[in-house]
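Shown next: structure19.tsv, given as TSV, C-alpha atoms.
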```
chain	number	residue	atom	x	y	z
J	1193	MET	CA	-27.12	-38.08	127.83
J	1194	LEU	CA	-24.74	-35.90	125.84
J	1195	ILE	CA	-25.32	-32.21	125.17
J	1196	LEU	CA	-23.42	-30.43	122.41
J	1197	ILE	CA	-22.91	-26.68	122.77
J	1198	ARG	CA	-21.99	-24.65	119.72
J	1199	GLY	CA	-19.67	-21.88	120.88
J	1200	GLY	CA	-17.45	-21.56	123.92
J	1201	GLY	CA	-17.79	-17.86	124.81
J	1202	ASP	CA	-18.68	-16.65	128.29
J	1203	LEU	CA	-22.46	-17.15	127.95
J	1204	ALA	CA	-22.13	-20.62	126.42
J	1205	THR	CA	-19.54	-21.51	129.06
J	1206	GLY	CA	-21.92	-20.42	131.81
J	1207	VAL	CA	-24.54	-22.72	130.32
J	1208	ALA	CA	-22.01	-25.57	130.17
J	1209	VAL	CA	-20.94	-25.06	133.79
J	1210	ARG	CA	-24.55	-25.10	134.99
J	1211	LEU	CA	-25.30	-28.30	133.05
J	1212	ILE	CA	-22.11	-30.01	134.22
J	1213	HIS	CA	-22.83	-29.09	137.84
J	1214	SER	CA	-26.23	-30.74	137.29
J	1215	GLY	CA	-24.49	-33.99	136.35
J	1216	LEU	CA	-24.69	-33.81	132.54
J	1217	ARG	CA	-21.97	-34.38	129.94
J	1218	VAL	CA	-21.10	-31.55	127.60
J	1219	VAL	CA	-18.99	-31.21	124.45
J	1220	ILE	CA	-18.23	-27.83	122.83
J	1221	THR	CA	-17.49	-26.90	119.23
J	1222	GLU	CA	-15.63	-23.73	118.30
J	1223	LEU	CA	-13.90	-21.75	115.56
J	1224	PRO	CA	-10.17	-22.21	114.81
J	1225	GLU	CA	-9.68	-18.66	116.16
J	1226	PRO	CA	-12.42	-17.88	118.70
J	1227	LEU	CA	-13.32	-14.23	119.30
J	1228	ALA	CA	-14.32	-14.61	122.95
J	1229	VAL	CA	-13.79	-11.39	124.94
J	1230	ARG	CA	-14.21	-12.69	128.50
J	1231	ARG	CA	-11.50	-15.28	127.95
J	1232	THR	CA	-10.89	-16.06	131.64
J	1233	VAL	CA	-14.40	-17.54	131.86
J	1234	SER	CA	-14.65	-18.98	128.35
J	1235	PHE	CA	-13.94	-22.59	127.42
J	1236	ALA	CA	-13.08	-21.21	123.96
J	1237	GLU	CA	-9.72	-20.18	125.41
J	1238	ALA	CA	-8.71	-23.86	125.38
J	1239	ILE	CA	-8.34	-23.56	121.60
J	1240	TYR	CA	-5.36	-21.24	122.20
J	1241	THR	CA	-3.92	-22.67	125.41
J	1242	GLY	CA	-4.70	-26.38	125.08
J	1243	GLU	CA	-6.52	-26.52	128.38
J	1244	VAL	CA	-8.45	-24.10	130.58
J	1245	THR	CA	-10.37	-24.33	133.85
J	1246	VAL	CA	-13.47	-22.25	134.62
J	1247	GLU	CA	-14.92	-22.42	138.13
J	1248	GLY	CA	-13.36	-25.80	138.77
J	1249	VAL	CA	-14.40	-27.34	135.44
J	1250	ALA	CA	-11.51	-28.26	133.12
J	1251	ALA	CA	-11.77	-28.21	129.33
J	1252	GLN	CA	-9.29	-29.56	126.79
J	1253	ARG	CA	-8.73	-28.79	123.10
J	1254	ILE	CA	-9.20	-31.33	120.30
J	1255	THR	CA	-8.15	-30.21	116.83
J	1256	ASP	CA	-9.58	-33.24	115.00
J	1257	PRO	CA	-13.36	-33.54	115.50
J	1258	THR	CA	-13.31	-37.04	113.95
J	1259	ASP	CA	-11.03	-38.37	116.71
J	1260	THR	CA	-13.83	-40.02	118.69
J	1261	LEU	CA	-11.46	-42.08	120.86
J	1262	ARG	CA	-9.72	-38.94	122.10
J	1263	ILE	CA	-13.05	-37.27	122.79
J	1264	LEU	CA	-14.12	-40.25	124.88
J	1265	ALA	CA	-10.75	-40.24	126.68
J	1266	ILE	CA	-11.26	-36.60	127.69
J	1267	PHE	CA	-14.74	-37.45	128.96
J	1268	GLY	CA	-13.09	-40.21	130.96
J	1269	LYS	CA	-10.88	-37.62	132.65
J	1270	GLN	CA	-14.01	-35.66	133.66
J	1271	LYS	CA	-13.05	-32.82	131.32
J	1272	VAL	CA	-14.97	-30.98	128.62
J	1273	PRO	CA	-13.78	-31.63	125.05
J	1274	VAL	CA	-13.50	-28.36	123.09
J	1275	LEU	CA	-13.36	-29.17	119.39
J	1276	VAL	CA	-12.15	-27.08	116.49
J	1277	ASP	CA	-15.33	-27.80	114.53
J	1278	PRO	CA	-17.17	-24.72	113.19
J	1279	ASP	CA	-19.36	-26.89	110.93
J	1280	CYS	CA	-20.39	-29.15	113.83
J	1281	ILE	CA	-19.49	-32.34	111.95
J	1282	VAL	CA	-18.94	-34.17	115.24
J	1283	ALA	CA	-22.71	-34.25	115.80
J	1284	LYS	CA	-23.06	-37.12	113.32
J	1285	SER	CA	-20.61	-39.33	115.23
J	1286	LEU	CA	-21.53	-38.41	118.82
J	1287	ASN	CA	-25.31	-38.26	118.25
J	1288	PRO	CA	-26.10	-35.69	120.98
J	1289	MET	CA	-29.76	-35.63	121.98
J	1290	VAL	CA	-29.54	-31.89	122.63
J	1291	ILE	CA	-27.71	-29.12	120.78
J	1292	VAL	CA	-27.46	-25.68	122.34
J	1293	ASP	CA	-26.50	-22.96	119.86
J	1294	GLY	CA	-24.65	-20.44	122.00
J	1295	ARG	CA	-22.59	-18.74	119.30
J	1296	MET	CA	-24.57	-15.50	119.64
J	1297	THR	CA	-24.36	-14.80	115.91
J	1298	LYS	CA	-27.76	-13.01	116.13
J	1299	ARG	CA	-28.94	-14.70	112.96
J	1300	PRO	CA	-30.69	-17.98	112.12
J	1301	PRO	CA	-28.46	-21.09	112.24
J	1302	GLU	CA	-27.27	-22.81	109.08
J	1303	PRO	CA	-28.12	-26.52	108.54
J	1304	ILE	CA	-25.55	-28.97	109.91
J	1305	GLY	CA	-26.95	-32.21	108.48
J	1306	TYR	CA	-28.00	-33.55	111.86
J	1307	VAL	CA	-31.28	-33.16	113.75
J	1308	PRO	CA	-31.15	-33.66	117.54
J	1309	ARG	CA	-34.20	-34.34	119.66
J	1310	LEU	CA	-33.97	-30.78	120.99
J	1311	TYR	CA	-32.25	-27.78	119.38
J	1312	ILE	CA	-32.05	-24.80	121.73
J	1313	GLY	CA	-31.07	-21.36	120.48
J	1314	LEU	CA	-29.69	-18.57	122.65
J	1315	GLY	CA	-30.70	-15.00	121.94
J	1316	PRO	CA	-31.74	-13.02	118.84
J	1317	GLY	CA	-32.05	-14.84	115.53
J	1318	PHE	CA	-33.86	-17.85	116.97
J	1319	VAL	CA	-37.58	-18.45	116.61
J	1320	ALA	CA	-39.01	-21.48	118.38
J	1321	GLY	CA	-40.93	-23.70	115.99
J	1322	LYS	CA	-39.09	-22.24	113.00
J	1323	ASN	CA	-35.32	-22.70	113.37
J	1324	CYS	CA	-35.16	-24.33	116.81
J	1325	GLN	CA	-37.45	-26.15	119.22
J	1326	ALA	CA	-36.80	-23.75	122.12
J	1327	ALA	CA	-35.25	-20.28	122.33
J	1328	ILE	CA	-33.81	-18.59	125.42
J	1329	GLU	CA	-33.88	-14.85	126.17
J	1330	THR	CA	-30.34	-13.52	126.67
J	1331	ARG	CA	-31.05	-9.84	127.24
J	1332	ARG	CA	-31.09	-8.58	130.83
J	1333	GLY	CA	-34.52	-7.76	132.17
J	1334	PRO	CA	-37.61	-9.56	133.46
J	1335	SER	CA	-37.41	-12.17	130.67
J	1336	LEU	CA	-33.72	-13.08	131.05
J	1337	GLY	CA	-33.39	-16.88	130.91
J	1338	ARG	CA	-37.03	-17.36	129.87
J	1339	VAL	CA	-37.78	-20.32	127.58
J	1340	PHE	CA	-39.82	-19.69	124.43
J	1341	TRP	CA	-41.59	-22.67	122.84
J	1342	SER	CA	-43.10	-20.38	120.21
J	1343	GLY	CA	-41.79	-17.05	119.01
J	1344	GLY	CA	-38.43	-15.90	120.26
J	1345	PRO	CA	-36.32	-13.47	122.29
J	1346	GLU	CA	-36.12	-9.72	121.81
J	1347	ALA	CA	-34.57	-8.57	118.54
J	1348	ASP	CA	-30.98	-7.37	118.59
J	1349	THR	CA	-30.81	-3.65	119.39
J	1350	GLY	CA	-27.22	-3.29	118.26
J	1351	GLN	CA	-26.39	-1.61	121.58
J	1352	PRO	CA	-24.52	-3.13	124.54
J	1353	GLU	CA	-26.35	-3.54	127.82
J	1354	GLY	CA	-25.53	-1.19	130.68
J	1355	GLU	CA	-22.99	1.61	130.33
J	1356	GLN	CA	-22.03	1.75	126.67
J	1357	ALA	CA	-18.69	3.41	127.44
J	1358	ARG	CA	-17.40	0.19	129.00
J	1359	VAL	CA	-17.28	-1.59	125.61
J	1360	LEU	CA	-14.01	-1.31	123.67
J	1361	ARG	CA	-14.24	-1.36	119.87
J	1362	THR	CA	-11.79	-0.93	117.03
J	1363	SER	CA	-11.78	2.06	114.72
J	1364	ALA	CA	-9.66	0.35	112.05
J	1365	ASN	CA	-8.94	-2.97	110.39
J	1366	GLY	CA	-5.80	-4.87	111.30
J	1367	GLU	CA	-4.05	-7.09	113.81
J	1368	PHE	CA	-4.93	-6.63	117.47
J	1369	HIS	CA	-2.02	-5.89	119.83
J	1370	THR	CA	-2.07	-5.12	123.54
J	1371	PRO	CA	0.50	-5.15	126.38
J	1372	LEU	CA	-2.26	-5.60	128.97
J	1373	ASN	CA	-3.99	-8.61	130.49
J	1374	ILE	CA	-7.50	-9.28	131.70
J	1375	GLY	CA	-7.81	-8.29	135.36
J	1376	GLU	CA	-5.50	-5.27	135.16
J	1377	HIS	CA	-6.64	-1.85	136.36
J	1378	VAL	CA	-6.75	0.90	133.74
J	1379	GLU	CA	-7.28	4.63	134.01
J	1380	GLN	CA	-9.48	6.74	131.79
J	1381	GLY	CA	-7.44	7.87	128.77
J	1382	GLN	CA	-4.94	5.03	129.06
J	1383	VAL	CA	-3.88	3.25	125.86
J	1384	ILE	CA	-5.36	-0.25	125.90
J	1385	ALA	CA	-4.39	-1.64	122.50
J	1386	GLU	CA	-3.39	-0.86	118.93
J	1387	VAL	CA	-5.03	-1.94	115.69
J	1388	GLY	CA	-3.91	-0.87	112.22
J	1389	GLY	CA	-1.74	1.92	113.59
J	1390	GLN	CA	-4.59	3.39	115.66
J	1391	THR	CA	-4.78	3.21	119.44
J	1392	ILE	CA	-7.75	2.15	121.54
J	1393	ILE	CA	-8.16	4.37	124.60
J	1394	ALA	CA	-9.91	3.53	127.87
J	1395	PRO	CA	-13.08	5.65	128.00
J	1396	ILE	CA	-13.53	4.99	131.75
J	1397	HIS	CA	-11.43	3.66	134.60
J	1398	GLY	CA	-11.85	0.17	136.01
J	1399	ILE	CA	-10.73	-3.43	135.54
J	1400	LEU	CA	-10.16	-4.96	132.13
J	1401	ARG	CA	-12.90	-7.57	132.30
J	1402	GLY	CA	-12.28	-8.88	128.81
J	1403	LEU	CA	-9.91	-8.72	125.84
J	1404	ILE	CA	-9.86	-10.82	122.68
J	1405	HIS	CA	-6.79	-12.94	122.06
J	1406	PRO	CA	-3.76	-10.86	120.96
J	1407	GLY	CA	-2.71	-11.29	117.34
J	1408	LEU	CA	-6.20	-11.75	115.92
J	1409	VAL	CA	-7.11	-9.84	112.78
J	1410	VAL	CA	-10.12	-7.64	113.49
J	1411	THR	CA	-12.36	-5.30	111.52
J	1412	GLU	CA	-13.53	-1.77	112.21
J	1413	GLY	CA	-16.24	-1.55	114.85
J	1414	MET	CA	-15.59	-5.02	116.28
J	1415	LYS	CA	-15.83	-5.47	120.05
J	1416	ILE	CA	-12.37	-6.32	121.37
J	1417	GLY	CA	-12.77	-5.82	125.12
J	1418	ASP	CA	-14.67	-4.31	128.00
J	1419	ILE	CA	-13.95	-2.45	131.21
J	1420	ASP	CA	-15.76	-3.12	134.49
J	1421	PRO	CA	-16.11	0.11	136.54
J	1422	ARG	CA	-16.65	-1.97	139.70
J	1423	ASP	CA	-12.85	-2.33	139.64
J	1424	ASP	CA	-12.83	-5.79	141.24
J	1425	PRO	CA	-10.43	-8.26	139.54
J	1426	VAL	CA	-12.14	-11.22	141.25
J	1427	LEU	CA	-15.17	-10.69	139.00
J	1428	CYS	CA	-13.02	-11.58	135.99
J	1429	GLN	CA	-12.81	-15.16	137.26
J	1430	HIS	CA	-16.54	-15.75	137.84
J	1431	VAL	CA	-19.21	-16.86	135.40
J	1432	SER	CA	-21.71	-14.01	135.30
J	1433	ASP	CA	-25.17	-14.06	136.86
J	1434	LYS	CA	-26.50	-13.54	133.32
J	1435	ALA	CA	-24.77	-16.65	131.99
J	1436	LEU	CA	-25.99	-18.76	134.91
J	1437	SER	CA	-29.55	-17.50	134.40
J	1438	ILE	CA	-29.41	-18.49	130.73
J	1439	GLY	CA	-28.02	-21.86	131.79
J	1440	GLY	CA	-31.03	-22.28	134.05
J	1441	GLY	CA	-33.29	-21.64	131.07
J	1442	VAL	CA	-31.49	-24.30	129.05
J	1443	LEU	CA	-31.83	-26.80	131.89
J	1444	GLU	CA	-35.56	-25.99	132.14
J	1445	ALA	CA	-36.00	-26.59	128.40
J	1446	ILE	CA	-34.34	-29.99	128.67
J	1447	LEU	CA	-36.29	-31.01	131.77
J	1448	SER	CA	-39.53	-29.90	130.14
J	1449	THR	CA	-39.03	-32.45	127.36
J	1450	VAL	CA	-40.35	-35.67	128.88
J	1451	GLU	CA	-38.44	-38.14	126.70
J	1452	LEU	CA	-35.21	-36.32	127.56
J	1453	ARG	CA	-35.97	-35.99	131.26
J	1454	ILE	CA	-36.15	-39.76	131.72
J	1455	GLN	CA	-32.68	-40.12	130.15
J	1456	MET	CA	-31.04	-37.14	131.82
J	1457	TRP	CA	-28.24	-38.92	133.64
J	1458	VAL	CA	-28.00	-42.05	131.50
```

Full structure transcribed into structure tokens:
Amino acid sequence: MLILIRGGGDLATGVAVRLIHSGLRVVITELPEPLAVRRTVSFAEAIYTGEVTVEGVAAQRITDPTDTLRILAIFGKQKVPVLVDPDCIVAKSLNPMVIVDGRMTKRPPEPIGYVPRLYIGLGPGFVAGKNCQAAIETRRGPSLGRVFWSGGPEADTGQPEGEQARVLRTSANGEFHTPLNIGEHVEQGQVIAEVGGQTIIAPIHGILRGLIHPGLVVTEGMKIGDIDPRDDPVLCQHVSDKALSIGGGVLEAILSTVELRIQMWV
């Protein structure tokens, strides 16, 4: 059984890794220029580099979503195809039984002209029974990873979880430039990046846990990185506990659907 995941950011990648470790096949669709912040644990990075490996799982870029033979060849190599396909046109040719919308747009999904047996939405914007069959809570707390078959997750608060100072945002429009890499230690007050002639300063000290891809054009207020005060570079290479919990919720939703459960590893 094939599962299509829309989005290849860190949460969607955590879901993919959990499903793949459970023996399932996964294909991912992404934007031509993904905005993933935690790039070292995001399959979306394959769009820029051609290939990326996250926790032992390799993913490879495909620029033509209609190239079915190449997609199948990548499956044959036990890799995850990552397609430049924001409109999800590949769904009509691959016929996935499950689609997981992990783009975290925080708004209802647009129609794609294909209806899978199970459409699972991650986070705010999804309402089970209205714009998806099942919705998964993505906010930390007692409901993290919970499956909703009616209703949906908590509404978007507009605020990051945990210490807000760790999140790096732009104060201008322009092209993103930085001399630093994910995993580097930074001190409070250190210049992290430059956008539109304005610098982005580290508000705390710690490890750069995430940075968007250099050269991207960003807008004022956009999240472009985050700092982990735990100061451990090893954490930059691990899928988060949050992503794995959400992946567990997705797996539960699939297993709870009887007609899917009997075809799980077919």

I want to know what sits within 12 Å of Gly1242 in chain J, based on all atoms listed in the file, with residues of the same chain fewer than 3 positions away left out; could you give that as a CSV table (one decimal) with C-alpha atoms, in the coordinates of the input?
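What ended up in out00.csv:
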```
chain,number,residue,atom,x,y,z
J,1235,PHE,CA,-13.9,-22.6,127.4
J,1236,ALA,CA,-13.1,-21.2,124.0
J,1237,GLU,CA,-9.7,-20.2,125.4
J,1238,ALA,CA,-8.7,-23.9,125.4
J,1239,ILE,CA,-8.3,-23.6,121.6
J,1245,THR,CA,-10.4,-24.3,133.8
J,1250,ALA,CA,-11.5,-28.3,133.1
J,1251,ALA,CA,-11.8,-28.2,129.3
J,1252,GLN,CA,-9.3,-29.6,126.8
J,1253,ARG,CA,-8.7,-28.8,123.1
J,1254,ILE,CA,-9.2,-31.3,120.3
J,1255,THR,CA,-8.2,-30.2,116.8
J,1272,VAL,CA,-15.0,-31.0,128.6
J,1273,PRO,CA,-13.8,-31.6,125.0
J,1274,VAL,CA,-13.5,-28.4,123.1
J,1275,LEU,CA,-13.4,-29.2,119.4
J,1276,VAL,CA,-12.2,-27.1,116.5
```

- Message: Please return as number ranges by chain every residue within 10 Å of (-16.7, -1.7, 133.9), taking into account only C-alpha atoms and the file's own coordinates.
- Response: J: 1354-1359, 1396-1402, 1418-1424

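Comparing the minimum interatomic distances between Phe1267 in chain J and each of J:Ile1304, J:Leu1408, J:Val1219, J:Ala1327, counting all atoms listed in the file, we find that J:Val1219 sits nearest.
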
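Compared by their closest atoms to Leu1436 in chain J, and using only C-alpha atoms, the residues J:Asn1365, J:Thr1330, J:Ile1312, J:Val1450 rank with J:Thr1330 nearest.
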
- Taking into account only C-alpha atoms, which residue in the set J:Ile1212, J:Val1229, J:Ala1265, J:Val1319 is nearest to Asn1373 in chain J? J:Val1229

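Ranking J:Thr1297, J:Ser1285, J:Thr1232, J:Gln1270 by their shortest atom-to-atom distance to Thr1258 in chain J, with all atoms listed in the file included, puts J:Ser1285 first.
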
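CA of Tyr1311 in chain J lies 5.2 Å from CA of Cys1324 in chain J.
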
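Taking CA of Gly1440 in chain J and CA of Gly1321 in chain J as the two end points, the separation is 20.6 Å.
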
Axis-aligned box over every listed atom of range 1449-1455 of chain J, padded by 4 Å per side: centre and edges in Å to one decimal, as JSON?
```
{"center_x": -36.5, "center_y": -36.3, "center_z": 129.2, "size_x": 15.7, "size_y": 15.7, "size_z": 13.0}
```

- For Glu1329 in chain J: contacts at 8 Å, only C-alpha atoms, fewer than 2 positions along chain excluded, given as a PyMOL selection string: chain J and resi 1314-1316+1327+1331+1335-1340+1344-1346+1438

- Query: Expressed in Å to a single decimal, how great is the separation between CA of Leu1261 in chain J and CA of Val1246 in chain J?
  - Reply: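 So the answer is 24.2 Å.
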
- Find, counting all atoms listed in the file, the residue in J:Gly1206, J:Gly1200, J:Gly1248, J:Pro1308 that gets nearest to Met1296 in chain J.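 Comparing J:Gly1206, J:Gly1200, J:Gly1248, J:Pro1308 against Met1296 in chain J, the winner is J:Gly1200.
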
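Using only C-alpha atoms, the nearest neighbour of Arg1453 in chain J within the list J:Ile1263, J:Ala1204, J:Leu1310, J:Cys1280 is J:Leu1310.
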
- Mind listing as JSON, numbers by chain all residues within 6 Å of (-35.2, -34.9, 124.0), counting only C-alpha atoms? {"J": [1289, 1309, 1310, 1449, 1451, 1452]}
